[in-house]
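Novice: Below you will find the structure I want to go over with you.
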Amino acid sequence: MSTGVVVVVRGATLPAAALKILRDATAVYAATDVDASLFGVPDITEAPSLKDVVLLAGSRDEPAASLLIATGAEVIETPAPPLVEAAEVMDRLRSPGGCPWDAAQTHDSLRQYLVEETYELLDAIESGDREALREELGDVLLQVLFHARVAAEDAADPFGIDEVAADLVAKLVGRHPHVFADADRVHTVEHQNLKWEELKQQEKQRKSIVDGVALGQPAVALAGKLGQRSGRAGIPLDLFPVGTGAAAQLFRIAATARRAGVDPEGELRALAKQFANDVRAAEQAARDVGLEPTTLEADGWRKFWPSHSM
């Protein structure tokens with residue numbers, strides 16, 4: 001070797017491609033961004049020169065690594081999994097020298113994008129558009145990475161994407177004792193739902209069956225969720241809100257539908273989309289005969305409405 005080798009490590013993990021070089025090397029050092037004790041090698045500051053050394057570095061940007069690479073050193077590294085790379089890109093955007101807009105965001109300022117991206121993902125699922133589904137899943141993932149990075153910067157209670165993932169793993173394992181432990185097997189979806197509710201009650205020490213219901217969700221979905229939760233608790237339908245007002249009627253319809261296994265939010269959204277499509281079709285039918293849709297009155301709309309224009 002005439003220019004040395006830079007081995008980019010991840011934590012205490014060495015790339016497999018570097019193992020032979022490390023076994024044969026006579027001068028192996030750890031860069032300033034690597035804990036030398038993890039690998040049992042001296043620090044680069046102890047090297048008489050950078051000539052013909054193998055340098056274990058945490059990144060290509062470490063000063064000694066950067067200098068070696070500039071002089072033509074071979075670089076050996078294991079490519080980061082795309083999910084890890086996505087987190088690293090988010091870190092770069094929020095770091096000094098990154099993106100001013102990204103750096104200025106807060107949990108509060110990002111709320112609107114989380115809601116928008118979630119609905120765009122929902123639309124991709126309902127439309128069956130696989131390309132859009134893949135893209136929108138990425139956009140929702142970005143929101144998770146973004147919020148986790150903002151949380152990591154909190155001075156009082158910091159946590160990052162690793163803590164978020166660790167909590168998720170613990171939750172998934174804890175809520176599936178029949179898969180990851182020796183609990184009794186669960187054979188039906190209904191039994192699984194019941195066990196989940198019991199486990200969640202124990203985990204969060206909930207005092208009410210409606211604790212944990214997201215009150216900020218759309219009203220129809222909220223009414224449906226409350227109908228489902230109250231149904232599991234045995235609350236009878238006659239205790240639902242009464243009255244002839246629109247709100248009471250909507251609540252009863254949504255809550256009763258969810259108890260029957262129907263997603264009222266999804267069903268209503270699908271019907272609303274169909275109505276929007278019918279409006280567009282009627283407008284186009286009017287234009288096709290030379291009429292401007294804005295001039296249509298009730299009978300005109302009836303004439304060109306899809307269900308009456310056959």
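Going through the structure tokens in order, the chains are called A, B, and so on, while each chain numbers its residues from 1 and the ligands are numbered from 1 in the order shown.
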Please provide the set of residues having any atom within 12 Å of Glu85 in chain A, restricted to only C-alpha atoms, with same-chain residues fewer than 6 positions apart removed, written as an MDAnalysis selection string.

Specialist: chainID A and resid 78:79 91:92 142 145

Novice: Please produce an output containing N, CA, C and O atoms for each residue in the selection, written as a compact mmCIF listing (two decimals), in the first residue's frame.

Specialist:
# COMPACT_ATOMS: atom_id res chain seq x y z
N THR A 78 -19.38 -0.38 4.31
CA THR A 78 -20.62 -1.08 4.03
C THR A 78 -21.70 -0.04 3.78
O THR A 78 -21.93 0.83 4.64
N PRO A 79 -22.32 -0.07 2.62
CA PRO A 79 -23.36 0.94 2.35
C PRO A 79 -24.43 0.91 3.43
O PRO A 79 -24.83 -0.15 3.91
N ASP A 91 -30.70 14.06 9.48
CA ASP A 91 -29.75 14.67 10.41
C ASP A 91 -28.95 15.77 9.71
O ASP A 91 -28.72 16.84 10.29
N ARG A 92 -28.54 15.52 8.48
CA ARG A 92 -27.75 16.50 7.73
C ARG A 92 -28.57 17.76 7.47
O ARG A 92 -28.06 18.89 7.58
N LEU A 142 -41.00 10.35 6.13
CA LEU A 142 -40.26 11.59 6.34
C LEU A 142 -40.79 12.34 7.55
O LEU A 142 -40.01 12.90 8.34
N LEU A 145 -39.37 10.69 10.66
CA LEU A 145 -37.95 11.01 10.81
C LEU A 145 -37.77 12.47 11.24
O LEU A 145 -36.92 12.78 12.08

Novice: Output as a ChimeraX atom specification all residues of range 64-279 of chain A that backbone DSSP marks as alpha helix (DSSP H).

Specialist: /A:64-70,82-94,100-104,107-127,130-152,161-174,177-180,189-204,219-232,246-259,264-279

Novice: Excluding Gly300 in chain A and residues on its chain fewer than 3 positions from it, collect all residues at most 12 Å away from it, counting only C-alpha atoms, and give them as a list of chain:residue names.

Specialist: A:Ala282, A:Glu283, A:Ala285, A:Ala286, A:Arg287, A:Leu291, A:Glu292, A:Pro293, A:Thr294, A:Thr295, A:Leu296, A:Glu297, A:Lys303, A:Phe304, A:Trp305, A:His308, A:Ser309

Novice: Using only C-alpha atoms, pick whichever of A:Val173, A:Ala255, A:Leu250, A:Ala25 has the shortest atom-to-atom distance to Lys225 in chain A.

Specialist: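 Between A:Val173, A:Ala255, A:Leu250, A:Ala25, the residue approaching Lys225 in chain A most closely is A:Ala255.
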
Novice: Report as a ChimeraX atom specification: the residues of range 51-196 of chain A with a DSSP assignment of strand (DSSP E or B), based on the backbone of this structure.

Specialist: /A:54-57,74-77

Novice: Go ahead and save the picked residues with C-alpha atoms, as a PDB file, in the first residue's frame.

Specialist:
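Done, and the output landed in out.pdb:
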ATOM      1  CA  VAL A  54      -5.148   1.558   7.688  1.00  0.00           C
ATOM      2  CA  LEU A  55      -7.449   4.079   9.334  1.00  0.00           C
ATOM      3  CA  LEU A  56     -10.697   3.103  11.051  1.00  0.00           C
ATOM      4  CA  ALA A  57     -12.990   6.118  10.721  1.00  0.00           C
ATOM      5  CA  GLU A  74      -8.793   3.154  -0.909  1.00  0.00           C
ATOM      6  CA  VAL A  75     -12.114   3.426   0.937  1.00  0.00           C
ATOM      7  CA  ILE A  76     -13.896   0.367   2.271  1.00  0.00           C
ATOM      8  CA  GLU A  77     -17.343   0.743   3.764  1.00  0.00           C
TER       9      GLU A  77
END

Novice: Can you tell me which residues surround Ser109 in chain A at a distance of at most 12 Å, considering only C-alpha atoms, apart from same-chain residues fewer than 5 positions away, and format the answer as a PyMOL selection string?

Specialist: chain A and resi 101-104+114-115+143+146-147+150

Novice: For those residues, write N, CA, C and O atoms to a file as a tab-separated table (two decimals), in the first residue's frame.

Specialist:
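The result, written out as again-v4.tsv:
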chain	number	residue	atom	x	y	z
A	101	TRP	N	-34.75	25.99	5.94
A	101	TRP	CA	-36.18	25.73	6.17
A	101	TRP	C	-36.35	24.54	7.12
A	101	TRP	O	-37.11	24.60	8.08
A	102	ASP	N	-35.64	23.45	6.85
A	102	ASP	CA	-35.74	22.27	7.71
A	102	ASP	C	-35.31	22.60	9.13
A	102	ASP	O	-35.91	22.13	10.10
A	103	ALA	N	-34.26	23.38	9.26
A	103	ALA	CA	-33.73	23.71	10.58
A	103	ALA	C	-34.70	24.55	11.40
A	103	ALA	O	-34.65	24.55	12.63
A	104	ALA	N	-35.58	25.29	10.72
A	104	ALA	CA	-36.50	26.20	11.43
A	104	ALA	C	-37.78	25.52	11.89
A	104	ALA	O	-38.55	26.09	12.65
A	114	LEU	N	-47.99	16.59	8.37
A	114	LEU	CA	-48.30	15.23	8.80
A	114	LEU	C	-49.73	14.87	8.38
A	114	LEU	O	-49.98	13.78	7.85
A	115	VAL	N	-50.66	15.79	8.60
A	115	VAL	CA	-52.05	15.54	8.24
A	115	VAL	C	-52.20	15.43	6.72
A	115	VAL	O	-52.83	14.49	6.21
A	143	GLN	N	-42.10	12.36	7.72
A	143	GLN	CA	-42.67	13.05	8.88
A	143	GLN	C	-42.21	12.42	10.19
A	143	GLN	O	-41.90	13.12	11.16
A	146	PHE	N	-38.57	13.36	10.66
A	146	PHE	CA	-38.47	14.79	10.96
A	146	PHE	C	-38.82	15.05	12.42
A	146	PHE	O	-38.07	15.71	13.16
A	147	HIS	N	-39.94	14.52	12.87
A	147	HIS	CA	-40.37	14.74	14.26
A	147	HIS	C	-39.38	14.12	15.24
A	147	HIS	O	-39.12	14.68	16.32
A	150	VAL	N	-36.38	16.44	15.47
A	150	VAL	CA	-36.72	17.62	16.28
A	150	VAL	C	-36.74	17.24	17.76
A	150	VAL	O	-36.24	17.97	18.62

Novice: Can you tell me how far CA of Asp33 in chain A sits from CA of Leu67 in chain A, in Å to one decimal?

Specialist: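 Rounded to one decimal, the two atoms are 14.4 Å apart.
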